[in-house]
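See below for the structure under consideration.
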Amino acid sequence: MVFQIIILVLLVFIFITALRALFFTPKKDKSEKIELADEKVDVDRYCESLTGAIKIRTISNYDRELVDWNEFEKFHKYLEERYPLVHKTLERTEIAEASLIYKWEGSDPSLDAIALLSHQDVVPVNEGTENDWEHDPFEGYNDGEFIWGRGAMDMKNHLIAVMESVEQLIADGFTPTRTLYLCLGHNEEVVAAPDNGARQIVEHLKGKGVHLEAVLDEGGAMLPVDVKGILNCNLAGVGVAEKGSMNYEISVSAKGGHSSQPPKHTALGHLANVIKGLENHQFKAKMPAFVYELFTQIGRRCSYPARLITCNLWLLKPLVLKIMTLIPPAASLVRTCTAVTMAHGSPQFNVLPQKAGITVNFRTMPGVSFKDVERHIEKAVGKEKVEYNLLVGKEASVVSPTDSRAFRTIKRLCESTDEKNLVAPYLVMGGTDAYNYEPICENIYRYSPFLVSTGLLLCTHGTNERLPVASVEEALKFFKRYIKEMTKE
Ligand SMILES: [Zn+2]
């Protein structure tokens, strides 16, 4: 009898989960769709503008003495020549060495302003790889299919699209009700820059009493996803948060001496246990609300068999988390990651190390503090006696909401242009200028509206960075529409 009851319960359960999956489809909410007016955009002009922008070598460097500031000056002049209406209509302020703020005053100053962010700087081309490029990285070559060059994806493409859109909106006769700021930092690519341009922009705005309703920066993109028979969509991952990055030095001390009479374990031997401890005791994986939402959004678009899992996440979460931790890119979405990156021991072969150390990079999830990481180190190293100290680091950002006007606008604009488009919240792995805006804004989003493949995204900071020309038209339309919608009231 008990056996029959168990079978019955199991059958009912399977029936319910299968039924849930059947009706787990995209929500059809009419109010979420916008009637999109066609926007006038000029793709050829954009391509010319981007080519010109790539030619200017705005390479940032941690050491300000090594920066060619003339290039930034040239870049500012270039913007002035290329965007006369912007420079006539918007108020321009130079901040720090080469950062810029443009302010387009709205007709109702009592409303919170919005900001569009871009950085002007690019990373250098690695020495010795210049000849691996199909086209010179600072030529901005346009072969009709791609625009090639450093910054074509990160992120002169985005900066130029914003400038073109504002220039065009002024030409169209548009005037904003809310104030719009364009904030162009000059050293986003320099990790932990002491003279961070974005931070100084924020200090300036804060000093003026500015509170922003929304910030839009780089960080997410629109990716075509095609998993045969399961999912076929353009996935727009909008970064609602970014991970923290903390670098610790962990060291072990020992007596040292001559290598001819070594102890059972040298300092490096003990350090090996520390490394093993750190790699074997990872942070616990957890599914933050926005990752759950990401899966749910994607799940609704999947074919029936996949929906059996995605619509029953409430039940299968532990299993899904377990599988995710086995796949590094997936694991990075759900837990703080530990990477042992550098090591040092004795200075010579025949000298026992008196101190051996490693550098560990922790990529932290939102909510994980320095204290949490230190507690984790203490637990993971077990019995080994170590010293640890923080070299440099920052905590993860806060998580921006997915029900704000800005997020809903991005979602509606993207999903209204093409049935295939799907917008979902996402966690950005690297750092962005947007992080600095937390003191003056609660709704910070990281998204570049260019439809690009994962392969192309991987060229960012690498060889043959290039932008597909086919992605330009929709990106320009997106920015014009976003500015119109967001500054409307
Ligand atoms: Zn960037």
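Chains: A, B, ... in order of the structure tokens. Residues: from 1 per chain. Ligands: from 1, in order shown.
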
Check every protein, DNA and RNA residue against ligand 1, keep those with an atom at most 7 Å away (counting only C-alpha atoms and all ligand atoms), and present them as a PyMOL selection string. chain A and resi 119+154-155+188-189+218+432

Quick one: residues within 12 Å of Glu80 of chain A, only C-alpha atoms counted, chain neighbours fewer than 6 positions away excluded, as number ranges by chain? A: 49, 73-74, 86-90, 92, 100, 102, 163, 167

Please identify all polymer residues within 10 Å of segment 14-18 of chain A, counting only C-alpha atoms, omitting same-chain residues fewer than 3 positions from it, and present them as an mmCIF file with C-alpha atoms, in the first residue's frame.
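After the write, selection-v2.cif holds the following:
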data_model
loop_
_atom_site.group_PDB
_atom_site.id
_atom_site.type_symbol
_atom_site.label_atom_id
_atom_site.label_comp_id
_atom_site.auth_asym_id
_atom_site.auth_seq_id
_atom_site.Cartn_x
_atom_site.Cartn_y
_atom_site.Cartn_z
ATOM 1 C CA LEU A 8 0.938 7.793 -7.077
ATOM 2 C CA VAL A 9 2.604 10.840 -5.489
ATOM 3 C CA LEU A 10 5.485 10.507 -7.924
ATOM 4 C CA LEU A 11 3.122 10.325 -10.903
ATOM 5 C CA ALA A 21 6.767 23.285 -18.427
ATOM 6 C CA LEU A 22 4.016 23.260 -21.051
ATOM 7 C CA PHE A 23 2.722 26.682 -19.999
ATOM 8 C CA PHE A 24 6.114 28.157 -19.125
ATOM 9 C CA TYR A 304 9.712 21.805 -24.253
ATOM 10 C CA PRO A 305 12.339 19.308 -22.960
ATOM 11 C CA ARG A 307 11.703 23.846 -20.091
ATOM 12 C CA LEU A 308 11.218 20.813 -17.880
ATOM 13 C CA ILE A 309 14.385 21.940 -16.114
ATOM 14 C CA CYS A 311 10.603 25.988 -15.152
ATOM 15 C CA ASN A 312 11.309 23.723 -12.210
ATOM 16 C CA LEU A 315 13.219 22.277 -7.244
#

Identify which of the residues A:Asn273, A:Ser60, A:Asn196, A:Thr177 lies closest to Val123 of chain A, counting only C-alpha atoms when measuring atom-to-atom distances.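 Closest residue, counting only C-alpha atoms: A:Ser60.
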
I need the strand (DSSP E) residues of segment 312-371 of chain A per DSSP on the backbone, written as a PyMOL selection string. chain A and resi 337-344+351-352+355-364

Convert the current residue selection to file output with N, CA and C atoms, as an mmCIF file, in the first residue's frame.
data_model
loop_
_atom_site.group_PDB
_atom_site.id
_atom_site.type_symbol
_atom_site.label_atom_id
_atom_site.label_comp_id
_atom_site.auth_asym_id
_atom_site.auth_seq_id
_atom_site.Cartn_x
_atom_site.Cartn_y
_atom_site.Cartn_z
ATOM 1 N N CYS A 337 35.197 33.312 -7.398
ATOM 2 C CA CYS A 337 36.195 32.410 -7.962
ATOM 3 C C CYS A 337 37.573 32.705 -7.383
ATOM 4 N N THR A 338 38.350 31.652 -7.221
ATOM 5 C CA THR A 338 39.694 31.761 -6.665
ATOM 6 C C THR A 338 40.697 31.380 -7.736
ATOM 7 N N ALA A 339 41.650 32.267 -8.043
ATOM 8 C CA ALA A 339 42.687 31.910 -9.018
ATOM 9 C C ALA A 339 44.049 32.243 -8.431
ATOM 10 N N VAL A 340 44.880 31.209 -8.253
ATOM 11 C CA VAL A 340 46.254 31.435 -7.808
ATOM 12 C C VAL A 340 47.028 31.844 -9.054
ATOM 13 N N THR A 341 47.578 33.067 -9.054
ATOM 14 C CA THR A 341 48.135 33.576 -10.308
ATOM 15 C C THR A 341 49.652 33.745 -10.321
ATOM 16 N N MET A 342 50.257 34.086 -9.184
ATOM 17 C CA MET A 342 51.703 34.328 -9.185
ATOM 18 C C MET A 342 52.323 33.619 -7.988
ATOM 19 N N ALA A 343 53.628 33.301 -8.116
ATOM 20 C CA ALA A 343 54.302 32.627 -7.006
ATOM 21 C C ALA A 343 55.756 33.052 -6.936
ATOM 22 N N HIS A 344 56.303 33.051 -5.748
ATOM 23 C CA HIS A 344 57.744 33.301 -5.619
ATOM 24 C C HIS A 344 58.285 32.528 -4.424
ATOM 25 N N VAL A 351 69.466 27.946 -2.421
ATOM 26 C CA VAL A 351 69.070 28.646 -1.190
ATOM 27 C C VAL A 351 67.653 28.224 -0.821
ATOM 28 N N LEU A 352 67.464 27.817 0.430
ATOM 29 C CA LEU A 352 66.103 27.467 0.861
ATOM 30 C C LEU A 352 65.311 28.760 1.066
ATOM 31 N N LYS A 355 61.016 32.870 2.774
ATOM 32 C CA LYS A 355 59.621 33.270 2.654
ATOM 33 C C LYS A 355 59.166 32.879 1.243
ATOM 34 N N ALA A 356 58.053 32.190 1.162
ATOM 35 C CA ALA A 356 57.520 31.854 -0.157
ATOM 36 C C ALA A 356 56.091 32.375 -0.208
ATOM 37 N N GLY A 357 55.728 32.918 -1.345
ATOM 38 C CA GLY A 357 54.402 33.535 -1.392
ATOM 39 C C GLY A 357 53.695 33.331 -2.722
ATOM 40 N N ILE A 358 52.392 33.467 -2.655
ATOM 41 C CA ILE A 358 51.593 33.429 -3.882
ATOM 42 C C ILE A 358 50.678 34.645 -3.903
ATOM 43 N N THR A 359 50.244 34.982 -5.098
ATOM 44 C CA THR A 359 49.231 36.018 -5.233
ATOM 45 C C THR A 359 47.956 35.331 -5.690
ATOM 46 N N VAL A 360 46.884 35.639 -5.026
ATOM 47 C CA VAL A 360 45.614 34.999 -5.365
ATOM 48 C C VAL A 360 44.601 36.078 -5.747
ATOM 49 N N ASN A 361 43.978 35.860 -6.887
ATOM 50 C CA ASN A 361 42.941 36.782 -7.344
ATOM 51 C C ASN A 361 41.570 36.172 -7.048
ATOM 52 N N PHE A 362 40.807 36.871 -6.217
ATOM 53 C CA PHE A 362 39.434 36.435 -5.908
ATOM 54 C C PHE A 362 38.476 37.331 -6.688
ATOM 55 N N ARG A 363 37.626 36.718 -7.484
ATOM 56 C CA ARG A 363 36.574 37.477 -8.179
ATOM 57 C C ARG A 363 35.291 37.279 -7.390
ATOM 58 N N THR A 364 34.918 38.307 -6.664
ATOM 59 C CA THR A 364 33.854 38.126 -5.672
ATOM 60 C C THR A 364 32.456 38.411 -6.205
#

What parts of segment 28-229 of chain A does DSSP call helix (DSSP H, G or I)? I'd like the answer as JSON, numbers by chain. {"A": [30, 31, 32, 43, 44, 45, 46, 47, 48, 49, 50, 51, 52, 53, 54, 55, 64, 65, 66, 69, 70, 71, 72, 73, 74, 75, 76, 77, 78, 79, 80, 81, 82, 84, 85, 86, 87, 88, 89, 130, 131, 132, 156, 157, 158, 159, 160, 161, 162, 163, 164, 165, 166, 167, 168, 169, 170, 171, 172, 197, 198, 199, 200, 201, 202, 203, 204, 205, 206, 207]}

So which residues touch Pro194 of chain A within 10 Å, counting only C-alpha atoms, skipping near sequence neighbours fewer than 4 positions away, as a list in words? Tyr62, Asp63, Arg64, Val190 and Arg199 of chain A

Take the selection from the previous step and output its residues with C-alpha atoms, as a CSV table (one decimal), in the first residue's frame.
chain,number,residue,atom,x,y,z
A,62,TYR,CA,48.9,53.2,-15.2
A,63,ASP,CA,51.9,55.5,-15.3
A,64,ARG,CA,50.6,58.9,-16.5
A,190,VAL,CA,43.8,51.0,-16.2
A,199,ARG,CA,35.6,58.8,-10.1

Applying 10 Å and only C-alpha atoms, which residues near Phe72 of chain A remain after dropping the ones on its own chain fewer than 3 positions away? List them as a PyMOL selection string. chain A and resi 56-60+67-69+75-78+97-99+120-121+186

Best match for closeness to Leu117 of chain A among A:Cys183, A:Met153, A:Val191, A:Leu212, counting only C-alpha atoms: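 Ranking A:Cys183, A:Met153, A:Val191, A:Leu212 by distance to Leu117 of chain A, first place goes to A:Cys183.
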
Spatial neighbours of segment 224-228 of chain A, 12 Å, only C-alpha atoms, chain gap at least 5 places, as a short mmCIF file (atom, residue, chain, number, x, y, z; two decimals) with C-alpha atoms, in the first residue's frame:
data_model
loop_
_atom_site.label_atom_id
_atom_site.label_comp_id
_atom_site.auth_asym_id
_atom_site.auth_seq_id
_atom_site.Cartn_x
_atom_site.Cartn_y
_atom_site.Cartn_z
CA CYS A 233 17.35 33.86 -29.90
CA ASN A 234 19.40 37.03 -29.65
CA LEU A 235 20.26 37.25 -25.99
CA ALA A 236 20.82 40.76 -24.67
CA GLY A 237 22.59 40.40 -21.36
CA ILE A 298 15.94 32.13 -21.13
CA ARG A 301 12.12 30.68 -24.74
CA CYS A 302 13.44 27.12 -24.71
CA SER A 303 11.81 24.15 -26.38
CA ALA A 306 14.65 22.09 -21.73
CA LYS A 420 14.01 36.91 -31.49
CA ASN A 421 15.47 39.42 -29.03
CA LEU A 422 15.46 38.49 -25.36
CA VAL A 423 16.67 40.78 -22.58
CA PHE A 450 25.51 45.76 -30.86
CA LEU A 451 24.60 42.28 -32.10
CA VAL A 452 27.91 40.42 -32.10
CA SER A 453 28.98 36.79 -31.92
CA THR A 454 30.84 35.37 -28.94
CA GLY A 455 33.86 34.83 -31.21
CA LEU A 456 34.02 38.54 -32.02
CA LEU A 457 33.58 39.48 -28.37
CA SER A 471 25.23 45.64 -36.14
#

Rounded to one decimal, what separation in Å do you get between atom CA of Ala171 of chain A and atom CA of Arg405 of chain A? 26.5 Å

Could you check the closest approach to Cys414 of chain A for each of A:Ser448, A:Gln261, A:Thr463, A:Thr296 and tell me which residue wins, using only C-alpha atoms? A:Ser448

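Restricting the calculation to only C-alpha atoms, the smallest distance between Lys40 of chain A and any of A:Phe290, A:Glu489, A:Leu169, A:Leu319 is found for A:Leu169.
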
So that I can check the surroundings of Val469 of chain A, please list as JSON, numbers by chain every protein, DNA and RNA residue that reaches within 7 Å of it, counting only C-alpha atoms and ignoring chain neighbours fewer than 5 positions away. {"A": [144, 145, 146, 147]}

Once you have the residues from the selection above, write them out as a short mmCIF file (atom, residue, chain, number, x, y, z; two decimals), in the first residue's frame, restricted to C-alpha atoms.
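Result written to selection-v7.cif:
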data_model
loop_
_atom_site.label_atom_id
_atom_site.label_comp_id
_atom_site.auth_asym_id
_atom_site.auth_seq_id
_atom_site.Cartn_x
_atom_site.Cartn_y
_atom_site.Cartn_z
CA GLY A 144 32.33 46.77 -45.82
CA GLU A 145 31.72 43.86 -43.47
CA PHE A 146 33.86 44.86 -40.49
CA ILE A 147 35.53 47.93 -39.09
#

Rounded to one decimal in Å, what is the spacing between atom CA of Arg300 of chain A and atom CA of Glu242 of chain A?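 Pair atom CA of Arg300 of chain A / atom CA of Glu242 of chain A returns 25.0 Å.
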
Atomic distance atom CA of Leu458 of chain A - atom CA of Ala475 of chain A, expressed in Å with one decimal: 19.5 Å

Give me, as a tab-separated table, the closest atom pair and its distance (Å, one decimal) for every residue of segment 84-173 of chain A within a cut-off of 12 Å of segment 438-444 of chain A, counting only C-alpha atoms, rows sorted by chain and rising number.
residue	atom	partner	partner_atom	distance
A:Asp112	CA	A:Cys441	CA	9.8
A:Ala113	CA	A:Cys441	CA	10.0
A:Ile114	CA	A:Cys441	CA	9.2
A:Ala115	CA	A:Ile444	CA	9.6
A:Leu116	CA	A:Ile444	CA	10.2
A:Leu117	CA	A:Ile444	CA	10.4

Name the closest residue to Ser346 of chain A among the candidates A:Leu333, A:Thr266, A:Asn280, A:Ile377; distances are taken between atoms, counting only C-alpha atoms. A:Thr266
